[in-house]
>>> print(open('query_10.cif').read())   # mmCIF, C-alpha atoms
data_upload
#
loop_
_atom_site.label_atom_id
_atom_site.label_comp_id
_atom_site.auth_asym_id
_atom_site.auth_seq_id
_atom_site.Cartn_x
_atom_site.Cartn_y
_atom_site.Cartn_z
CA LEU A 60 -33.02 -62.49 48.06
CA PRO A 61 -31.80 -60.28 45.15
CA VAL A 62 -30.68 -56.79 46.13
CA PRO A 63 -32.98 -54.20 44.55
CA SER A 64 -31.24 -51.81 42.16
CA THR A 65 -31.13 -48.14 43.22
CA ILE A 66 -30.52 -46.90 39.63
CA ARG A 67 -33.61 -46.59 37.57
CA PRO A 68 -33.49 -46.89 33.74
CA GLN A 69 -34.21 -43.18 33.24
CA ASP A 70 -31.37 -42.30 35.61
CA ASP A 71 -29.01 -44.47 33.59
CA LYS A 72 -29.96 -42.60 30.42
CA TRP A 73 -29.40 -39.25 32.15
CA VAL A 74 -25.90 -40.28 33.26
CA THR A 75 -25.07 -41.42 29.74
CA LEU A 76 -26.28 -38.10 28.32
CA LYS A 77 -24.18 -36.14 30.80
CA VAL A 78 -21.12 -38.18 29.91
CA ASN A 79 -21.70 -37.64 26.21
CA MET A 80 -22.20 -33.89 26.73
CA ALA A 81 -18.98 -33.73 28.73
CA ILE A 82 -17.16 -35.43 25.88
CA VAL A 83 -18.66 -33.00 23.35
CA LEU A 84 -17.72 -29.99 25.49
CA ALA A 85 -14.19 -31.32 25.88
CA VAL A 86 -13.87 -31.75 22.12
CA LEU A 87 -15.26 -28.25 21.45
CA SER A 88 -12.95 -26.78 24.08
CA ASN A 89 -9.89 -28.46 22.59
CA ILE A 90 -10.78 -27.38 19.06
CA GLY A 91 -11.35 -23.79 20.21
CA SER A 92 -8.05 -23.80 22.10
CA ALA A 93 -6.32 -25.13 18.99
CA PHE A 94 -7.65 -22.21 16.94
CA PHE A 95 -6.49 -19.75 19.61
CA LEU A 96 -3.04 -21.38 19.39
CA MET A 97 -3.03 -21.20 15.59
CA SER A 98 -3.79 -17.48 15.70
CA GLY A 99 -0.39 -17.03 17.32
CA LEU A 100 1.53 -19.22 14.87
CA TRP A 101 0.85 -17.21 11.71
CA THR A 102 1.77 -13.57 11.09
CA ASP A 103 -0.71 -12.86 8.28
CA LEU A 104 -3.56 -10.64 9.49
CA LEU A 105 -6.22 -12.45 7.46
CA LEU A 106 -5.26 -15.86 8.85
CA ILE A 107 -5.14 -14.49 12.40
CA ARG A 108 -8.68 -13.10 12.02
CA ILE A 109 -9.98 -16.36 10.54
CA PHE A 110 -8.49 -18.46 13.34
CA LEU A 111 -9.83 -16.12 16.04
CA SER A 112 -13.29 -16.18 14.45
CA CYS A 113 -13.30 -19.98 14.50
CA ALA A 114 -12.06 -19.99 18.10
CA TYR A 115 -14.87 -17.70 19.27
CA ILE A 116 -17.49 -19.79 17.48
CA PHE A 117 -16.45 -22.81 19.56
CA LEU A 118 -16.17 -20.68 22.69
CA ILE A 119 -19.76 -19.44 22.27
CA ALA A 120 -20.99 -23.00 21.68
CA ILE A 121 -19.45 -24.06 25.00
CA GLN A 122 -21.01 -21.15 26.89
CA PHE A 123 -24.48 -22.06 25.61
CA LYS A 124 -24.16 -25.36 27.49
CA VAL A 125 -23.27 -23.70 30.77
CA LEU A 126 -25.60 -20.75 30.09
CA ASN A 127 -23.01 -18.10 30.91
CA VAL A 128 -24.93 -15.11 29.55
CA ASN A 129 -22.10 -12.63 30.13
CA LEU A 130 -19.56 -14.64 28.14
CA ILE A 131 -22.13 -15.38 25.42
CA ILE A 132 -22.75 -11.65 24.87
CA TRP A 133 -19.04 -10.81 24.83
CA GLY A 134 -18.41 -13.78 22.55
CA PHE A 135 -20.91 -12.57 19.96
CA VAL A 136 -19.54 -9.01 20.10
CA THR A 137 -15.98 -10.22 19.59
CA LEU A 138 -17.05 -12.65 16.86
CA TYR A 139 -18.74 -9.81 14.99
CA VAL A 140 -15.56 -7.73 15.18
CA GLN A 141 -13.42 -10.60 13.90
CA LEU A 142 -15.79 -11.69 11.11
CA SER A 143 -16.31 -8.13 9.86
CA SER A 144 -12.53 -7.79 9.56
CA VAL A 145 -12.32 -11.12 7.72
CA VAL A 146 -14.94 -9.96 5.20
CA ARG A 147 -13.18 -6.62 4.61
CA LEU A 148 -9.76 -8.25 4.22
CA ILE A 149 -11.16 -10.76 1.73
CA LEU A 150 -12.91 -8.04 -0.28
CA ASP A 151 -9.61 -6.13 -0.43
CA GLU A 152 -8.26 -8.98 -2.55
CA GLY A 153 -10.96 -8.57 -5.19
CA PRO A 154 -10.56 -6.83 -8.56
CA VAL A 155 -10.27 -3.02 -8.59
CA GLN A 156 -11.82 -1.15 -11.49
CA LEU A 157 -9.88 1.85 -12.82
CA ASP A 158 -10.96 4.17 -15.60
CA GLU A 159 -8.70 4.84 -18.58
CA ASN A 160 -6.86 7.80 -17.02
CA GLU A 161 -6.45 6.07 -13.67
CA GLU A 162 -5.05 3.02 -15.41
CA LEU A 163 -2.39 5.14 -17.13
CA LEU A 164 -1.29 6.81 -13.92
CA TRP A 165 -1.38 3.56 -11.90
CA ARG A 166 1.11 1.96 -14.29
CA VAL A 167 3.62 4.66 -13.38
CA PHE A 168 3.36 3.82 -9.67
CA TYR A 169 3.22 0.07 -10.19
CA ARG A 170 6.28 -0.05 -12.42
CA SER A 171 8.32 2.16 -10.11
CA SER A 172 7.25 0.81 -6.72
CA GLY A 173 4.76 -2.06 -7.05
CA LEU A 174 1.85 -0.04 -5.62
CA SER A 175 -1.32 -2.17 -5.68
CA ARG A 176 -4.41 -1.09 -7.57
CA LEU A 177 -6.42 -0.91 -4.34
CA LEU A 178 -4.03 1.47 -2.58
CA PHE A 179 -3.81 3.59 -5.70
CA LYS A 180 -7.59 3.76 -6.09
CA LYS A 181 -8.32 4.54 -2.43
CA HIS A 182 -5.45 6.87 -1.61
CA VAL A 183 -3.82 8.34 -4.74
CA SER A 184 -6.06 8.64 -7.80
CA LYS A 185 -8.57 11.03 -6.23
CA TYR A 186 -5.87 13.68 -5.84
CA PHE A 187 -4.85 13.70 -9.51
CA GLN A 188 -6.69 15.27 -12.43
CA LEU A 189 -5.74 14.98 -16.09
CA VAL A 190 -5.54 18.47 -17.59
CA GLU A 191 -5.18 19.40 -21.26
CA VAL A 192 -2.94 22.43 -21.69
CA LYS A 193 -2.40 24.63 -24.74
CA PRO A 194 1.08 25.59 -26.00
CA GLU A 195 2.92 28.46 -24.27
CA THR A 196 0.83 28.10 -21.11
CA LYS A 197 2.62 28.91 -17.87
CA LEU A 198 2.17 26.26 -15.20
CA ASP A 199 1.81 27.01 -11.50
CA THR A 200 4.61 24.90 -10.03
CA GLU A 201 4.26 26.40 -6.55
CA GLU A 202 0.71 25.17 -6.06
CA TYR A 203 0.68 22.04 -8.24
CA VAL A 204 2.76 18.98 -9.04
CA GLY A 205 2.57 17.60 -12.57
CA ILE A 206 3.24 14.24 -14.21
CA ILE A 207 3.44 14.71 -17.96
CA LEU A 208 1.40 12.22 -19.98
CA ASP A 209 1.76 13.71 -23.47
CA GLY A 210 3.59 16.75 -24.80
CA ALA A 211 6.61 18.67 -23.57
CA VAL A 212 7.38 21.38 -21.03
CA ARG A 213 10.12 24.00 -21.08
CA ALA A 214 11.38 24.60 -17.55
CA GLU A 215 13.87 26.97 -15.97
CA ILE A 216 15.05 25.71 -12.60
CA THR A 217 16.69 28.22 -10.25
CA ILE A 218 18.66 27.02 -7.23
CA ASN A 219 20.91 29.38 -5.27
CA ARG A 220 20.74 31.97 -8.06
CA LEU A 221 21.84 29.39 -10.62
CA THR A 222 19.34 28.88 -13.47
CA LEU A 223 19.28 25.78 -15.65
CA PRO A 224 16.94 25.51 -18.65
CA ILE A 225 15.72 21.99 -19.42
CA LYS A 226 13.03 20.17 -21.35
CA LEU A 227 10.64 17.76 -19.68
CA GLY A 228 8.83 15.09 -21.62
CA SER A 229 6.29 12.32 -21.14
CA GLY A 230 6.66 10.48 -17.84
CA GLU A 231 8.58 13.22 -16.03
CA ILE A 232 7.52 15.05 -12.86
CA PHE A 233 7.74 18.62 -11.64
CA ASP A 234 8.24 19.96 -8.98
CA LEU A 235 10.18 17.57 -6.74
CA LYS A 236 10.45 19.90 -3.77
CA HIS A 237 6.84 19.22 -2.75
CA MET A 238 7.85 15.70 -1.75
CA ARG A 239 8.94 15.81 1.89
CA PHE A 240 11.84 13.38 1.45
CA PHE A 241 14.38 16.14 0.85
CA GLN A 242 13.68 17.92 4.12
CA ARG A 243 15.69 15.63 6.39
CA ILE A 244 18.55 14.58 4.12
CA PRO A 245 21.83 16.08 5.43
CA SER A 246 24.30 17.17 2.81
CA ILE A 247 27.40 14.99 2.59
CA TYR A 248 29.38 18.09 1.60
CA SER A 249 28.68 20.07 4.76
CA SER A 250 29.50 19.59 8.42
CA ILE A 251 26.30 21.48 9.32
CA ARG A 252 22.98 19.80 8.62
CA THR A 253 20.82 21.89 6.33
CA LYS A 254 17.78 21.37 4.17
CA SER A 255 18.30 20.10 0.66
CA SER A 256 18.76 22.78 -1.99
CA LEU A 257 15.74 21.32 -3.76
CA THR A 258 13.51 22.68 -0.99
CA THR A 259 14.42 26.25 -1.97
CA GLU A 260 14.33 25.91 -5.74
CA THR A 261 11.96 27.74 -8.03
CA ILE A 262 10.85 26.44 -11.39
CA ALA A 263 9.23 28.34 -14.23
CA ALA A 264 7.47 25.86 -16.50
CA THR A 265 5.78 26.55 -19.85
CA THR A 266 4.22 24.04 -22.19
CA MET A 267 5.87 23.79 -25.61
CA VAL A 268 3.09 21.94 -27.44
CA ASP A 269 -0.41 20.69 -26.71
CA SER A 270 0.10 18.66 -23.55
CA LYS A 271 -1.77 16.40 -21.17
CA ILE A 272 -0.59 16.55 -17.58
CA PHE A 273 -1.73 14.79 -14.41
CA MET A 274 -1.96 17.61 -11.86
CA CYS A 275 -1.98 17.29 -8.06
CA LYS A 276 -2.11 20.08 -5.51
CA ALA A 277 1.22 20.64 -3.79
CA GLN A 278 -0.27 20.37 -0.30
CA ASP A 279 -1.89 17.04 -1.24
CA MET A 280 1.43 15.79 -2.60
CA THR A 281 3.14 16.68 0.68
CA GLN A 282 0.54 14.68 2.62
CA LEU A 283 0.57 11.74 0.21
CA SER A 284 4.35 11.40 0.34
CA SER A 285 4.17 11.33 4.16
CA LYS A 286 1.57 8.58 4.61
CA PRO A 287 3.21 5.44 6.04
CA ASN A 288 1.42 3.06 3.65
CA LEU A 289 2.32 5.18 0.59
CA LYS A 290 5.79 6.50 1.32
CA THR A 291 7.47 3.47 -0.23
CA ALA A 292 5.55 4.05 -3.46
CA TRP A 293 6.64 7.69 -3.65
CA MET A 294 10.22 6.78 -2.82
CA GLY A 295 10.24 4.22 -5.63
CA LEU A 296 8.83 6.79 -8.04
CA LEU A 297 11.43 9.33 -6.92
CA ILE A 298 14.30 6.87 -7.37
CA CYS A 299 13.13 6.09 -10.91
CA LEU A 300 12.87 9.80 -11.68
CA LEU A 301 16.32 10.62 -10.30
CA SER A 302 17.77 7.67 -12.20
CA ASP A 303 16.19 9.00 -15.38
CA ILE A 304 17.63 12.47 -14.72
CA GLY A 305 21.09 11.00 -14.24
CA ASP A 306 20.79 8.95 -17.41
CA ARG A 307 19.41 11.77 -19.54
CA PRO A 308 22.73 13.41 -20.57
CA PHE A 309 23.99 10.12 -22.02
CA ARG A 310 21.09 9.61 -24.42
CA SER A 311 21.72 10.37 -28.05
CA ASN A 312 18.15 11.47 -28.77
CA ASN A 313 17.58 13.75 -25.78
CA THR A 314 19.38 16.91 -24.70
CA VAL A 315 18.89 18.27 -21.22
CA ILE A 316 20.06 21.84 -21.70
CA ILE A 317 18.26 23.78 -24.41
CA SER A 318 18.81 27.07 -26.15
CA ASP A 319 16.52 29.61 -27.73
CA GLU A 320 17.62 28.61 -31.22
CA GLU A 321 16.36 25.06 -30.86
CA SER A 322 12.94 24.21 -32.22
CA PRO A 323 10.43 22.98 -29.63
CA MET A 324 10.71 19.33 -30.60
CA SER A 325 14.20 19.18 -32.09
CA THR A 326 15.72 17.31 -29.12
CA MET A 327 12.74 15.41 -27.80
CA ASP A 328 10.38 12.97 -29.43
CA ASN A 329 6.73 13.80 -28.89
CA GLU A 330 5.94 10.22 -27.96
CA ARG A 331 4.20 8.90 -24.89
CA SER A 332 6.59 7.29 -22.42
CA ALA A 333 6.60 3.49 -22.28
CA ILE A 334 5.94 3.72 -18.56
CA PHE A 335 2.27 4.40 -19.44
CA SER A 336 1.99 1.42 -21.81
CA PRO A 337 -0.07 -1.68 -20.89
CA LEU A 338 1.64 -4.22 -18.66
CA GLU A 339 3.44 -7.10 -20.29
CA GLU A 340 2.43 -10.56 -19.16
CA TRP A 341 5.65 -10.99 -17.17
CA GLU A 342 5.05 -7.70 -15.34
CA LYS A 343 1.71 -8.73 -13.86
CA PRO A 344 1.81 -9.97 -10.25
CA PRO A 345 0.97 -13.65 -9.60
CA SER A 346 -2.76 -13.98 -8.99
CA HIS A 347 -2.36 -15.68 -5.58
CA LEU A 348 -0.41 -12.79 -4.03
CA TRP A 349 -2.04 -10.18 -1.81
CA GLY A 350 -2.64 -6.95 -3.69
CA SER A 351 -2.69 -8.64 -7.09
CA GLY A 352 -6.39 -7.87 -7.58
CA ASN A 353 -7.12 -11.45 -8.62
CA SER A 354 -6.49 -13.53 -5.50
CA LEU A 355 -10.20 -13.52 -4.65
CA TRP A 356 -10.83 -15.80 -7.65
CA VAL A 357 -8.09 -18.24 -6.54
CA PHE A 358 -8.66 -17.77 -2.84
CA HIS A 359 -7.69 -21.34 -1.93
CA LYS A 360 -4.25 -20.77 -3.49
CA HIS A 361 -4.02 -17.45 -1.69
CA LEU A 362 -4.72 -19.07 1.69
CA PHE A 363 -2.35 -21.99 1.12
CA PHE A 364 0.40 -19.59 0.08
CA ASN A 365 -0.12 -17.48 3.21
CA LEU A 366 -0.17 -20.60 5.40
CA LYS A 367 3.21 -21.54 3.96
CA VAL A 368 5.08 -18.23 4.01
CA THR A 369 3.72 -16.63 7.22
CA PHE A 370 4.08 -19.60 9.59
CA GLN A 371 6.18 -18.67 12.63
CA LEU A 372 6.97 -20.99 15.54
CA PRO A 373 8.17 -19.36 18.78
CA TRP A 374 11.75 -19.45 19.98
CA PRO A 375 13.70 -21.77 20.09
CA PHE A 376 11.92 -23.76 17.37
CA MET A 377 12.29 -21.10 14.66
CA PRO A 378 14.35 -17.90 14.45
CA TRP A 379 12.21 -14.82 14.95
CA VAL A 380 11.55 -12.61 11.93
CA SER A 381 12.57 -9.19 13.19
CA GLY A 382 10.74 -6.03 12.21
CA ILE A 383 7.31 -7.51 11.37
CA ARG A 384 5.67 -4.31 12.63
CA HIS A 385 8.25 -2.11 10.90
CA ILE A 386 7.04 -2.65 7.34
CA ASP A 387 5.93 0.97 7.17
CA SER A 388 8.76 3.46 7.52
CA VAL A 389 8.67 6.04 10.30
CA PRO A 390 6.95 9.37 9.62
CA VAL A 391 8.96 12.20 8.12
CA PRO A 392 9.53 14.83 10.81
CA HIS A 393 8.89 18.50 10.23
CA CYS A 394 12.16 20.25 9.48
CA GLU A 395 11.17 23.92 9.53
CA ASN A 396 13.93 24.65 12.06
CA LEU A 397 16.74 23.45 9.84
CA PRO A 398 18.74 26.25 8.16
CA CYS A 399 18.38 26.66 4.41
CA PRO A 400 21.41 26.15 2.19
CA THR A 401 23.18 29.24 0.98
CA ALA A 402 25.09 29.87 -2.16
#
>>> encode(input="query_10.cif", output="structure tokens")
Amino acid sequence: LPVPSTIRPQDDKWVTLKVNMAIVLAVLSNIGSAFFLMSGLWTDLLLIRIFLSCAYIFLIAIQFKVLNVNLIIWGFVTLYVQLSSVVRLILDEGPVQLDENEELLWRVFYRSSGLSRLLFKKHVSKYFQLVEVKPETKLDTEEYVGIILDGAVRAEITINRLTLPIKLGSGEIFDLKHMRFFQRIPSIYSSIRTKSSLTTETIAATTMVDSKIFMCKAQDMTQLSSKPNLKTAWMGLLICLLSDIGDRPFRSNNTVIISDEESPMSTMDNERSAIFSPLEEWEKPPSHLWGSGNSLWVFHKHLFFNLKVTFQLPWPFMPWVSGIRHIDSVPVPHCENLPCPTA
């Protein structure tokens, strides 16, 4: 007699379904694990967030099968955190609208340090105001820092009882002492560390002609030049300014030291500095780079570029890129206890 089967047709279908579900869960688990792995192989923050978001999507899908309510809740919370960061990072790569005055001032920072439009808009522009000043107006250099757009300024700089009269024109800055960089620079001419002489200088500035000056409060300038994500921009601007000061005596059309007999504009052209002029085509950053303001429109190129340049295998497969977290320089310490230089 034939042996009766103990497996009914509906049981056979149930076993097949369980096998198929196990295969699906295994595939989802492997894909999720792969995304977790990928989040550790790239150093770009946007790619890390994208990979982690994808990983948690697969992790949540798996937990729905096993009905682990606790992990489902935590998965959705973490997914929200990751996706919100992805959205913000992507929006940061979009175009940044600047008004006419902001555009002029941004070109100064971009040409001297490469500061992006977004960082300038969010952290710098709100502290500057374009002021129109009449001739023979005394400027408050103790409370304000100025970047000259148009016009000229007669300045008398006093350091250690030594006074030097100079002319300042378009593109130049006063007063440098409000930048905190000079506070911790030891003099190479002294065995005792002291503050830079620039921290004790006084400057009397008077406009020579109708002038337009970007003004910033001194206390705001001190804070701006200390922010980790902006210090490099201010250092670049300072280097350009000091380079210009060093080059000034060798120009045939510009005299640093002035006398009372000279006419206001006899040694300085009343022309706007080229640093404020529109960017040439070769000066503009490639559209696929972060901070360019255009990578959102070529986002696929932006992602492929990041995938290429930020890939990092662990040791011993690739040498480690040291200092990834040291992109921002360390904060400038307070140096009130340092002695002041003496004459």
>>> residues_around(input="query_10.cif", residues="Leu178 of chain A", least_positions_apart="4", cutoff="10 Å", atoms="all atoms listed in the file", output="ChimeraX atom specification")
/A:151,155,165,174,182-184,288-289,292,350
>>> resolve_selection(input="query_10.cif", expression="the PyMOL selection byres ((chain A and resi 357) around 12)", output="list in words")
Ile149, Glu152, Gly153, Pro154, Pro345, Ser346, His347, Leu348, Trp349, Ser351, Gly352, Asn353, Ser354, Leu355, Trp356, Phe358, His359, Lys360, His361, Leu362, Phe363 and Phe364 of chain A
>>> write_last_selection(input="query_10.cif", atoms="C-alpha atoms", output="PDB file, in the frame of the given file")
ATOM      1  CA  ILE A 149     -11.160 -10.760   1.730  1.00  0.00           C
ATOM      2  CA  GLU A 152      -8.260  -8.980  -2.550  1.00  0.00           C
ATOM      3  CA  GLY A 153     -10.960  -8.570  -5.190  1.00  0.00           C
ATOM      4  CA  PRO A 154     -10.560  -6.830  -8.560  1.00  0.00           C
ATOM      5  CA  PRO A 345       0.970 -13.650  -9.600  1.00  0.00           C
ATOM      6  CA  SER A 346      -2.760 -13.980  -8.990  1.00  0.00           C
ATOM      7  CA  HIS A 347      -2.360 -15.680  -5.580  1.00  0.00           C
ATOM      8  CA  LEU A 348      -0.410 -12.790  -4.030  1.00  0.00           C
ATOM      9  CA  TRP A 349      -2.040 -10.180  -1.810  1.00  0.00           C
ATOM     10  CA  SER A 351      -2.690  -8.640  -7.090  1.00  0.00           C
ATOM     11  CA  GLY A 352      -6.390  -7.870  -7.580  1.00  0.00           C
ATOM     12  CA  ASN A 353      -7.120 -11.450  -8.620  1.00  0.00           C
ATOM     13  CA  SER A 354      -6.490 -13.530  -5.500  1.00  0.00           C
ATOM     14  CA  LEU A 355     -10.200 -13.520  -4.650  1.00  0.00           C
ATOM     15  CA  TRP A 356     -10.830 -15.800  -7.650  1.00  0.00           C
ATOM     16  CA  PHE A 358      -8.660 -17.770  -2.840  1.00  0.00           C
ATOM     17  CA  HIS A 359      -7.690 -21.340  -1.930  1.00  0.00           C
ATOM     18  CA  LYS A 360      -4.250 -20.770  -3.490  1.00  0.00           C
ATOM     19  CA  HIS A 361      -4.020 -17.450  -1.690  1.00  0.00           C
ATOM     20  CA  LEU A 362      -4.720 -19.070   1.690  1.00  0.00           C
ATOM     21  CA  PHE A 363      -2.350 -21.990   1.120  1.00  0.00           C
ATOM     22  CA  PHE A 364       0.400 -19.590   0.080  1.00  0.00           C
TER      23      PHE A 364
END
>>> residues_around(input="query_10.cif", residues="Gly230 of chain A", least_positions_apart="2", cutoff="8 Å", atoms="all atoms listed in the file", output="list in words")
Val167, Ile206, Ile207, Leu208, Gly228, Ile232, Arg331, Ser332, Ile334 and Phe335 of chain A
>>> atom_distance(input="query_10.cif", atom1="atom CA of Met274 of chain A", atom2="atom CA of Glu342 of chain A")
26.5 Å
>>> closest_residue(input="query_10.cif", among="A:Phe273, A:Asn365, A:Val128, A:Phe233", to="Glu161 of chain A", atoms="all atoms listed in the file")
A:Phe273
